[in-house]
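Asks: What follows is work02.cif; its format and atoms are mmCIF, C-alpha atoms.
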data_coords
#
loop_
_atom_site.group_PDB
_atom_site.id
_atom_site.type_symbol
_atom_site.label_atom_id
_atom_site.label_comp_id
_atom_site.auth_asym_id
_atom_site.auth_seq_id
_atom_site.Cartn_x
_atom_site.Cartn_y
_atom_site.Cartn_z
ATOM 1 C CA MET A 1 -14.248 4.301 -13.790
ATOM 2 C CA LEU A 2 -14.695 1.439 -11.358
ATOM 3 C CA ALA A 3 -16.956 -1.550 -11.782
ATOM 4 C CA LEU A 4 -19.423 -2.459 -9.079
ATOM 5 C CA GLN A 5 -20.512 -6.051 -8.599
ATOM 6 C CA VAL A 6 -23.341 -6.685 -6.163
ATOM 7 C CA TYR A 7 -24.976 -9.968 -5.186
ATOM 8 C CA ALA A 8 -28.280 -8.705 -3.887
ATOM 9 C CA PRO A 9 -30.759 -10.930 -2.047
ATOM 10 C CA LEU A 10 -33.732 -11.487 -4.372
ATOM 11 C CA SER A 11 -36.005 -9.516 -2.107
ATOM 12 C CA ALA A 12 -33.612 -6.569 -2.116
ATOM 13 C CA THR A 13 -32.964 -6.406 -5.849
ATOM 14 C CA PRO A 14 -35.661 -3.833 -6.643
ATOM 15 C CA ARG A 15 -34.379 -1.540 -3.863
ATOM 16 C CA VAL A 16 -30.800 -1.960 -5.018
ATOM 17 C CA VAL A 17 -31.721 -1.091 -8.583
ATOM 18 C CA ALA A 18 -33.717 1.889 -7.416
ATOM 19 C CA VAL A 19 -31.008 3.356 -5.205
ATOM 20 C CA LEU A 20 -28.292 2.794 -7.773
ATOM 21 C CA SER A 21 -30.417 4.435 -10.445
ATOM 22 C CA ASP A 22 -30.725 7.503 -8.247
ATOM 23 C CA GLN A 23 -27.026 7.814 -7.481
ATOM 24 C CA ALA A 24 -24.909 10.328 -9.340
ATOM 25 C CA GLY A 25 -21.828 8.785 -10.888
ATOM 26 C CA VAL A 26 -23.466 5.409 -11.487
ATOM 27 C CA ASP A 27 -24.234 4.258 -14.998
ATOM 28 C CA HIS A 28 -24.628 1.140 -17.120
ATOM 29 C CA LEU A 29 -26.672 -0.477 -14.397
ATOM 30 C CA VAL A 30 -27.452 -4.080 -15.310
ATOM 31 C CA VAL A 31 -29.351 -6.791 -13.484
ATOM 32 C CA VAL A 32 -27.430 -9.774 -14.815
ATOM 33 C CA GLY A 33 -29.728 -12.335 -13.253
ATOM 34 C CA PRO A 34 -30.009 -14.825 -10.438
ATOM 35 C CA THR A 35 -27.130 -16.953 -9.218
ATOM 36 C CA ALA A 36 -27.213 -20.721 -9.783
ATOM 37 C CA ALA A 37 -28.359 -21.207 -6.215
ATOM 38 C CA GLY A 38 -31.178 -18.794 -6.871
ATOM 39 C CA ASP A 39 -30.713 -16.887 -3.638
ATOM 40 C CA ALA A 40 -29.364 -13.642 -5.067
ATOM 41 C CA ASP A 41 -29.281 -11.474 -8.158
ATOM 42 C CA LEU A 42 -26.051 -10.268 -9.687
ATOM 43 C CA VAL A 43 -26.262 -6.534 -10.286
ATOM 44 C CA THR A 44 -23.433 -4.680 -12.000
ATOM 45 C CA ALA A 45 -22.773 -1.031 -12.749
ATOM 46 C CA ASN A 46 -19.997 1.381 -13.493
ATOM 47 C CA VAL A 47 -19.333 3.850 -10.723
ATOM 48 C CA ALA A 48 -17.197 6.979 -10.670
ATOM 49 C CA ALA A 49 -14.394 6.942 -8.134
ATOM 50 C CA ASN A 50 -15.788 9.985 -6.359
ATOM 51 C CA SER A 51 -19.158 8.285 -5.925
ATOM 52 C CA VAL A 52 -17.994 5.035 -4.343
ATOM 53 C CA ASP A 53 -17.954 6.364 -0.790
ATOM 54 C CA THR A 54 -21.560 7.466 -1.212
ATOM 55 C CA VAL A 55 -22.817 4.390 -3.034
ATOM 56 C CA LEU A 56 -21.512 1.677 -0.714
ATOM 57 C CA PRO A 57 -23.421 2.720 2.433
ATOM 58 C CA VAL A 58 -26.569 3.133 0.362
ATOM 59 C CA LEU A 59 -26.272 -0.441 -0.879
ATOM 60 C CA VAL A 60 -25.832 -1.742 2.636
ATOM 61 C CA ALA A 61 -28.880 0.242 3.735
ATOM 62 C CA ALA A 62 -30.798 -1.333 0.862
ATOM 63 C CA GLY A 63 -30.229 -4.765 2.358
ATOM 64 C CA VAL A 64 -27.015 -6.009 0.766
ATOM 65 C CA SER A 65 -24.343 -7.529 2.956
ATOM 66 C CA GLY A 66 -21.003 -5.781 2.734
ATOM 67 C CA GLU A 67 -19.402 -9.083 1.819
ATOM 68 C CA GLU A 68 -21.530 -9.256 -1.305
ATOM 69 C CA ILE A 69 -20.316 -5.936 -2.691
ATOM 70 C CA THR A 70 -17.173 -5.851 -4.797
ATOM 71 C CA VAL A 71 -15.486 -2.848 -6.384
ATOM 72 C CA LEU A 72 -13.407 -3.898 -9.371
ATOM 73 C CA HIS A 73 -10.510 -1.901 -10.728
ATOM 74 C CA THR A 74 -10.328 -2.279 -14.465
ATOM 75 C CA ASP A 75 -7.656 -1.183 -16.887
ATOM 76 C CA GLY A 76 -10.064 -0.759 -19.738
ATOM 77 C CA SER A 77 -10.149 2.337 -21.883
ATOM 78 C CA ARG A 78 -12.752 4.107 -23.944
ATOM 79 C CA PRO A 79 -10.743 5.239 -26.945
ATOM 80 C CA LEU A 80 -13.697 6.804 -28.736
ATOM 81 C CA ALA A 81 -15.189 8.501 -25.702
ATOM 82 C CA ALA A 82 -14.632 12.036 -24.535
ATOM 83 C CA ALA A 83 -12.690 12.541 -21.337
ATOM 84 C CA HIS A 84 -14.787 11.484 -18.390
ATOM 85 C CA PRO A 85 -14.233 12.982 -14.947
ATOM 86 C CA GLY A 86 -14.935 9.613 -13.400
ATOM 87 C CA ASP A 87 -12.068 7.913 -15.193
ATOM 88 C CA LEU A 88 -9.861 8.444 -12.190
ATOM 89 C CA PRO A 89 -7.600 7.947 -10.283
ATOM 90 C CA SER A 90 -5.129 8.779 -12.984
ATOM 91 C CA TRP A 91 -2.068 10.889 -13.609
ATOM 92 C CA GLY A 92 -4.229 13.958 -13.280
ATOM 93 C CA GLY A 93 -4.941 13.040 -9.708
ATOM 94 C CA GLY A 94 -8.526 12.733 -8.792
ATOM 95 C CA PRO A 95 -11.015 11.831 -6.192
ATOM 96 C CA LEU A 96 -10.172 8.707 -4.295
ATOM 97 C CA ALA A 97 -12.603 6.046 -3.235
ATOM 98 C CA TRP A 98 -11.591 6.115 0.403
ATOM 99 C CA ALA A 99 -13.662 3.115 1.422
ATOM 100 C CA ASP A 100 -12.067 1.148 -1.389
ATOM 101 C CA LEU A 101 -8.619 2.391 -0.432
ATOM 102 C CA ALA A 102 -9.147 1.383 3.193
ATOM 103 C CA ALA A 103 -10.380 -2.045 2.098
ATOM 104 C CA ALA A 104 -7.270 -2.501 -0.014
ATOM 105 C CA SER A 105 -5.147 -1.395 2.921
ATOM 106 C CA ARG A 106 -6.641 -4.092 5.129
ATOM 107 C CA GLN A 107 -5.101 -6.682 2.836
ATOM 108 C CA TYR A 108 -1.675 -5.298 3.644
ATOM 109 C CA SER A 109 -2.064 -4.633 7.336
ATOM 110 C CA ARG A 110 -1.053 -8.034 8.616
ATOM 111 C CA ALA A 111 2.310 -9.763 8.738
ATOM 112 C CA VAL A 112 1.166 -12.720 6.653
ATOM 113 C CA PRO A 113 3.676 -15.430 5.639
ATOM 114 C CA GLN A 114 4.022 -14.189 2.060
ATOM 115 C CA TYR A 115 4.898 -10.668 3.207
ATOM 116 C CA LEU A 116 7.379 -11.980 5.752
ATOM 117 C CA THR A 117 8.913 -14.205 3.086
ATOM 118 C CA TYR A 118 9.444 -11.158 0.877
ATOM 119 C CA MET A 119 11.038 -9.279 3.755
ATOM 120 C CA VAL A 120 13.286 -12.197 4.732
ATOM 121 C CA CYS A 121 14.385 -12.586 1.112
ATOM 122 C CA ALA A 122 15.144 -8.880 0.972
ATOM 123 C CA GLY A 123 17.120 -9.122 4.203
ATOM 124 C CA LEU A 124 19.046 -12.154 2.972
ATOM 125 C CA SER A 125 19.989 -10.462 -0.265
ATOM 126 C CA ARG A 126 21.339 -7.279 1.267
ATOM 127 C CA PRO A 127 24.520 -8.436 3.060
ATOM 128 C CA SER A 128 26.064 -9.466 -0.263
ATOM 129 C CA GLY A 129 26.016 -5.807 -1.212
ATOM 130 C CA TYR A 130 27.927 -4.668 1.840
ATOM 131 C CA MET B 1 8.203 1.103 -10.086
ATOM 132 C CA ALA B 2 10.321 -1.222 -8.035
ATOM 133 C CA ILE B 3 8.153 -1.669 -5.005
ATOM 134 C CA SER B 4 9.504 -2.678 -1.651
ATOM 135 C CA PRO B 5 7.211 -5.148 0.136
ATOM 136 C CA ASP B 6 7.100 -2.961 3.221
ATOM 137 C CA LEU B 7 5.577 -0.149 1.177
ATOM 138 C CA TRP B 8 2.137 -1.738 1.473
ATOM 139 C CA PRO B 9 1.840 -1.817 5.284
ATOM 140 C CA LEU B 10 3.448 1.601 5.348
ATOM 141 C CA CYS B 11 0.780 3.026 3.050
ATOM 142 C CA ALA B 12 -1.903 1.156 4.955
ATOM 143 C CA THR B 13 -0.691 2.878 8.124
ATOM 144 C CA CYS B 14 -1.056 6.284 6.444
ATOM 145 C CA ILE B 15 -4.516 5.479 5.121
ATOM 146 C CA GLY B 16 -5.620 4.227 8.517
ATOM 147 C CA MET B 17 -4.480 7.483 10.122
ATOM 148 C CA VAL B 18 -6.115 9.718 7.537
ATOM 149 C CA THR B 19 -9.419 7.852 7.528
ATOM 150 C CA GLY B 20 -9.538 7.567 11.302
ATOM 151 C CA ARG B 21 -9.221 3.782 11.329
ATOM 152 C CA ARG B 22 -6.908 3.360 14.280
ATOM 153 C CA GLY B 23 -7.119 -0.416 14.242
ATOM 154 C CA LEU B 24 -6.013 -0.501 10.633
ATOM 155 C CA SER B 25 -3.102 1.853 11.170
ATOM 156 C CA GLY B 26 -2.039 0.001 14.313
ATOM 157 C CA ARG B 27 -2.081 -3.407 12.646
ATOM 158 C CA ALA B 28 -0.327 -2.103 9.556
ATOM 159 C CA PHE B 29 2.373 -0.387 11.600
ATOM 160 C CA ALA B 30 2.911 -3.588 13.582
ATOM 161 C CA ALA B 31 3.204 -5.516 10.313
ATOM 162 C CA LEU B 32 5.726 -2.967 9.085
ATOM 163 C CA ILE B 33 7.901 -3.299 12.175
ATOM 164 C CA ILE B 34 7.640 -7.104 12.213
ATOM 165 C CA GLY B 35 8.619 -7.234 8.545
ATOM 166 C CA LEU B 36 11.611 -4.977 9.041
ATOM 167 C CA ALA B 37 12.672 -6.999 12.074
ATOM 168 C CA ALA B 38 12.458 -10.129 9.932
ATOM 169 C CA ALA B 39 14.629 -8.504 7.265
ATOM 170 C CA GLY B 40 17.189 -7.427 9.856
ATOM 171 C CA LEU B 41 17.199 -10.841 11.492
ATOM 172 C CA ALA B 42 17.615 -12.538 8.124
ATOM 173 C CA ALA B 43 20.568 -10.291 7.333
ATOM 174 C CA TYR B 44 22.093 -11.183 10.695
ATOM 175 C CA LEU B 45 21.552 -14.903 10.193
ATOM 176 C CA ILE B 46 23.078 -14.927 6.714
ATOM 177 C CA THR B 47 26.020 -12.766 7.704
ATOM 178 C CA VAL B 48 27.159 -14.976 10.592
ATOM 179 C CA PRO B 49 27.741 -18.158 8.520
ATOM 180 C CA LEU B 50 29.162 -16.088 5.673
ATOM 181 C CA ARG B 51 31.772 -14.730 8.038
ATOM 182 C CA TRP B 52 32.550 -18.203 9.367
ATOM 183 C CA ALA B 53 33.045 -19.366 5.799
ATOM 184 C CA GLY B 54 35.278 -16.417 5.073
ATOM 185 C CA TYR B 55 32.921 -14.785 2.599
ATOM 186 C CA GLY B 56 31.017 -12.416 4.771
ATOM 187 C CA PRO B 57 31.566 -8.729 5.116
ATOM 188 C CA THR B 58 34.050 -7.488 7.631
ATOM 189 C CA THR B 59 33.434 -4.423 9.726
ATOM 190 C CA SER B 60 35.378 -2.291 7.283
ATOM 191 C CA ASP B 61 33.607 -3.843 4.270
ATOM 192 C CA LEU B 62 30.312 -2.922 5.790
ATOM 193 C CA ALA B 63 31.193 0.734 5.644
ATOM 194 C CA ASP B 64 32.990 0.587 2.307
ATOM 195 C CA GLY B 65 30.605 -1.511 0.267
ATOM 196 C CA GLY B 66 29.176 1.450 -1.583
ATOM 197 C CA LEU B 67 26.734 2.063 1.225
ATOM 198 C CA GLY B 68 29.131 3.607 3.659
ATOM 199 C CA VAL B 69 26.922 6.611 4.254
ATOM 200 C CA LEU B 70 23.866 4.468 4.890
ATOM 201 C CA PRO B 71 24.063 4.433 8.680
ATOM 202 C CA THR B 72 24.266 8.202 8.802
ATOM 203 C CA VAL B 73 21.304 10.506 9.243
ATOM 204 C CA ASN B 74 21.648 13.653 7.181
ATOM 205 C CA VAL B 75 19.532 16.063 5.161
ATOM 206 C CA ALA B 76 19.519 13.716 2.190
ATOM 207 C CA THR B 77 18.106 10.942 4.360
ATOM 208 C CA VAL B 78 15.164 13.096 5.301
ATOM 209 C CA VAL B 79 14.530 14.494 1.827
ATOM 210 C CA VAL B 80 14.779 11.138 0.051
ATOM 211 C CA ALA B 81 12.474 9.455 2.541
ATOM 212 C CA PHE B 82 9.938 12.295 2.312
ATOM 213 C CA VAL B 83 9.876 12.241 -1.489
ATOM 214 C CA ALA B 84 9.713 8.446 -1.494
ATOM 215 C CA GLY B 85 6.732 8.667 0.836
ATOM 216 C CA ILE B 86 4.848 10.855 -1.619
ATOM 217 C CA ALA B 87 5.698 8.592 -4.560
ATOM 218 C CA GLY B 88 4.858 5.503 -2.571
ATOM 219 C CA ILE B 89 1.393 6.593 -1.544
ATOM 220 C CA LEU B 90 0.605 7.731 -5.089
ATOM 221 C CA ALA B 91 1.701 4.331 -6.393
ATOM 222 C CA PHE B 92 -0.488 2.625 -3.824
ATOM 223 C CA GLU B 93 -3.517 4.639 -4.920
ATOM 224 C CA THR B 94 -3.036 3.764 -8.576
ATOM 225 C CA ARG B 95 -2.512 0.071 -8.103
ATOM 226 C CA SER B 96 -3.029 -0.771 -11.738
ATOM 227 C CA SER B 97 -0.110 1.398 -12.789
ATOM 228 C CA SER B 98 2.496 0.219 -10.333
ATOM 229 C CA ALA B 99 4.950 -0.713 -13.081
ATOM 230 C CA VAL B 100 5.596 2.770 -14.361
ATOM 231 C CA GLY B 101 9.337 2.448 -14.421
ATOM 232 C CA VAL B 102 10.228 4.896 -11.712
ATOM 233 C CA ALA B 103 12.883 3.316 -9.555
ATOM 234 C CA ILE B 104 12.345 4.434 -6.010
ATOM 235 C CA SER B 105 14.653 3.155 -3.351
ATOM 236 C CA ILE B 106 12.864 3.390 -0.089
ATOM 237 C CA THR B 107 15.717 2.835 2.260
ATOM 238 C CA THR B 108 13.943 0.853 4.910
ATOM 239 C CA ILE B 109 15.070 -2.657 4.013
ATOM 240 C CA PRO B 110 18.693 -1.653 3.330
ATOM 241 C CA ALA B 111 18.824 0.082 6.688
ATOM 242 C CA ALA B 112 17.194 -2.827 8.519
ATOM 243 C CA ALA B 113 19.491 -5.319 6.812
ATOM 244 C CA PHE B 114 22.502 -3.114 7.466
ATOM 245 C CA ALA B 115 21.624 -3.115 11.148
ATOM 246 C CA GLY B 116 21.396 -6.907 11.151
ATOM 247 C CA ALA B 117 24.630 -7.361 9.238
ATOM 248 C CA ALA B 118 26.388 -4.781 11.395
ATOM 249 C CA ALA B 119 25.294 -6.647 14.510
ATOM 250 C CA ALA B 120 26.655 -9.851 13.020
ATOM 251 C CA VAL B 121 30.081 -8.273 12.568
ATOM 252 C CA THR B 122 29.802 -6.591 15.988
ATOM 253 C CA ASP B 123 29.790 -3.129 14.424
ATOM 254 C CA TRP B 124 27.496 -1.765 17.088
ATOM 255 C CA ALA B 125 27.944 1.854 16.093
ATOM 256 C CA GLY B 126 26.938 0.961 12.544
ATOM 257 C CA ALA B 127 23.940 -0.966 13.800
ATOM 258 C CA VAL B 128 22.762 1.938 15.915
ATOM 259 C CA GLY B 129 23.348 4.343 13.041
ATOM 260 C CA ALA B 130 21.365 2.150 10.648
ATOM 261 C CA LEU B 131 18.519 1.886 13.131
ATOM 262 C CA SER B 132 18.550 5.669 13.457
ATOM 263 C CA VAL B 133 18.322 5.997 9.681
ATOM 264 C CA LEU B 134 15.530 3.448 9.661
ATOM 265 C CA ALA B 135 13.583 5.352 12.301
ATOM 266 C CA VAL B 136 13.990 8.648 10.452
ATOM 267 C CA ASN B 137 12.991 7.024 7.173
ATOM 268 C CA ILE B 138 9.866 5.463 8.632
ATOM 269 C CA LEU B 139 8.904 8.739 10.260
ATOM 270 C CA MET B 140 9.400 10.717 7.050
ATOM 271 C CA LEU B 141 7.667 8.127 4.884
ATOM 272 C CA LEU B 142 4.658 8.113 7.183
ATOM 273 C CA THR B 143 4.633 11.900 7.390
ATOM 274 C CA ALA B 144 4.861 12.387 3.630
ATOM 275 C CA GLY B 145 2.292 9.715 2.886
ATOM 276 C CA THR B 146 -0.150 11.088 5.419
ATOM 277 C CA ILE B 147 0.257 14.677 4.247
ATOM 278 C CA THR B 148 -0.275 13.598 0.631
ATOM 279 C CA LEU B 149 -3.472 11.823 1.575
ATOM 280 C CA LEU B 150 -4.683 14.731 3.686
ATOM 281 C CA ILE B 151 -4.194 17.118 0.771
ATOM 282 C CA GLN B 152 -6.127 14.787 -1.506
ATOM 283 C CA ARG B 153 -8.885 14.425 1.068
ATOM 284 C CA ARG B 154 -9.112 18.200 1.467
ATOM 285 C CA ARG B 155 -9.369 18.639 -2.301
ATOM 286 C CA ARG B 156 -12.264 16.208 -2.305
ATOM 287 C CA ARG B 157 -14.321 17.970 0.383
ATOM 288 C CA PRO B 158 -15.693 20.981 -1.537
ATOM 289 C CA THR B 159 -17.351 18.774 -4.188
#
Would you mind giving the structure from this file in C-alpha cells?
Replies:
Amino acid sequence: MLALQVYAPLSATPRVVAVLSDQAGVDHLVVVGPTAAGDADLVTANVAANSVDTVLPVLVAAGVSGEEITVLHTDGSRPLAAAHPGDLPSWGGGPLAWADLAAASRQYSRAVPQYLTYMVCAGLSRPSGY
Amino acid sequence: MAISPDLWPLCATCIGMVTGRRGLSGRAFAALIIGLAAAGLAAYLITVPLRWAGYGPTTSDLADGGLGVLPTVNVATVVVAFVAGIAGILAFETRSSSAVGVAISITTIPAAAFAGAAAAVTDWAGAVGALSVLAVNILMLLTAGTITLLIQRRRRRPT
C-alpha cells in the first residue's frame, strides 16, 4: 500500500475528494485540513500500487498541480489484517506504479555531484585490488 | 544488497525505455557513461602516482591480482551481467528492501576501473579488454532489466 499526499487548492478540494472516493484501490481518504497559509487543503489516502497510474491523472484533471501530489512509500505493516492485494510491490511480485517508478528514475538520471563522487570513490578504491 | 551507484541510472535507462520516456532513458544513459568514465579516470589518476611511489600495480600485477580474467569476455560475463540486471531492476522497484543481503557484483565499476588502471600501466590490451567487458556488461544489464520490466508490464495489462 502506498500513501498519497495531495495539497489541493481550496476550490478543488471537493472535486479531489469526489474523484478519489470513486477510484478503486483508494481507501482511508482523509481531508486533513487547510495549510497554514490557507491556500490549500491537505488530503491523504492510501492507494494500491496498481491504482496509482490511474489516480494521478485524475487528480491533475481535478485541478491539482502535479507538484502538489506526493506518493509515499511506507514500510508499515498490518499484522492483524488479512493479506491485501494492494500491499505490493513485494516478494510476490505485483503491479508496479509506473508513474511513480518513472518519477523515482528521474532522480537518478543525471550525473549529479553526489553520484559522481560515489563513482570516483569506487574508481579510486579499485586499483588497490589489482 | 550491495548496490553499485551506477545501478540507479542503469535502471532509470531501462524504465525510460519501457515507459517510452526517451528523454529519461537518454539522460540516464548519459549519466551512466559519465559516471563510469569518472570511475575509470579516477582509477587512472590514482594508479599513476602509486606507480611513481613504487606501490602501484605493474602490468603483470594487473592480470594476477585475483581479477586476471576480468578483461576477458566469455559466457560467464554475459550470464552474470544478465542475472545481475534482473536482480538490479527488482531491487530498484522495491526500494524499501534494498538491504536484503544479496551480494551482487555488477561488474561495471571494476571493469571501468580496470581500464583506467590498465591505461596507467600502459597495458593497452588489458584496457581494451576491460572496455569490451564493460560494453558487454552494460548491454546485458540493460537487456535483462528491460526484459524484466516488459514482462511485468505485460502481466499488468490484462487487469
Asks: Could you state the separation of CA of Cys14 (chain B) and CA of Pro57 (chain A) in Å, given to one decimal place?
Replies: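 Taking CA of Cys14 (chain B) and CA of Pro57 (chain A), their separation equals 23.0 Å.
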Asks: Name the closest residue to chain A among the candidates B:Gly54, B:Pro110, B:Gly85, B:Gly126; distances are taken between atoms, counting all atoms listed in the file.
Replies: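 For chain A, the nearest of the given residues is B:Pro110.
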Asks: Counting only C-alpha atoms, which residues have an atom no more than 10 Å from (-1.3, -3.5, 11.4) in the file's coordinates? Please list them as a short mmCIF file (atom, residue, chain, number, x, y, z; two decimals) with C-alpha atoms, in the frame of the given file.
Replies:
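And here's part-v7.cif as it stands now:
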data_model
loop_
_atom_site.label_atom_id
_atom_site.label_comp_id
_atom_site.auth_asym_id
_atom_site.auth_seq_id
_atom_site.Cartn_x
_atom_site.Cartn_y
_atom_site.Cartn_z
CA SER A 105 -5.15 -1.40 2.92
CA ARG A 106 -6.64 -4.09 5.13
CA GLN A 107 -5.10 -6.68 2.84
CA TYR A 108 -1.68 -5.30 3.64
CA SER A 109 -2.06 -4.63 7.34
CA ARG A 110 -1.05 -8.03 8.62
CA ALA A 111 2.31 -9.76 8.74
CA PRO B 9 1.84 -1.82 5.28
CA LEU B 10 3.45 1.60 5.35
CA ALA B 12 -1.90 1.16 4.96
CA THR B 13 -0.69 2.88 8.12
CA GLY B 16 -5.62 4.23 8.52
CA ARG B 22 -6.91 3.36 14.28
CA GLY B 23 -7.12 -0.42 14.24
CA LEU B 24 -6.01 -0.50 10.63
CA SER B 25 -3.10 1.85 11.17
CA GLY B 26 -2.04 0.00 14.31
CA ARG B 27 -2.08 -3.41 12.65
CA ALA B 28 -0.33 -2.10 9.56
CA PHE B 29 2.37 -0.39 11.60
CA ALA B 30 2.91 -3.59 13.58
CA ALA B 31 3.20 -5.52 10.31
CA LEU B 32 5.73 -2.97 9.09
CA ILE B 33 7.90 -3.30 12.18
CA ILE B 34 7.64 -7.10 12.21
#
Asks: Using all atoms listed in the file, which protein or nucleic acid residues come within 9 Å of Leu101 (chain A)? Drop anything in the same chain fewer than 6 positions from it, and give the result as an mmCIF file with C-alpha atoms, keeping the file's coordinate frame.
Replies:
data_model
loop_
_atom_site.group_PDB
_atom_site.id
_atom_site.type_symbol
_atom_site.label_atom_id
_atom_site.label_comp_id
_atom_site.auth_asym_id
_atom_site.auth_seq_id
_atom_site.Cartn_x
_atom_site.Cartn_y
_atom_site.Cartn_z
ATOM 1 C CA ALA B 12 -1.903 1.156 4.955
ATOM 2 C CA ILE B 15 -4.516 5.479 5.121
ATOM 3 C CA PHE B 92 -0.488 2.625 -3.824
ATOM 4 C CA GLU B 93 -3.517 4.639 -4.920
#
Asks: Quick one, how far is CA of Leu7 (chain B) from CA of Ala81 (chain B)?
Replies: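 Computed distance, CA of Leu7 (chain B) to CA of Ala81 (chain B), equals 11.9 Å.
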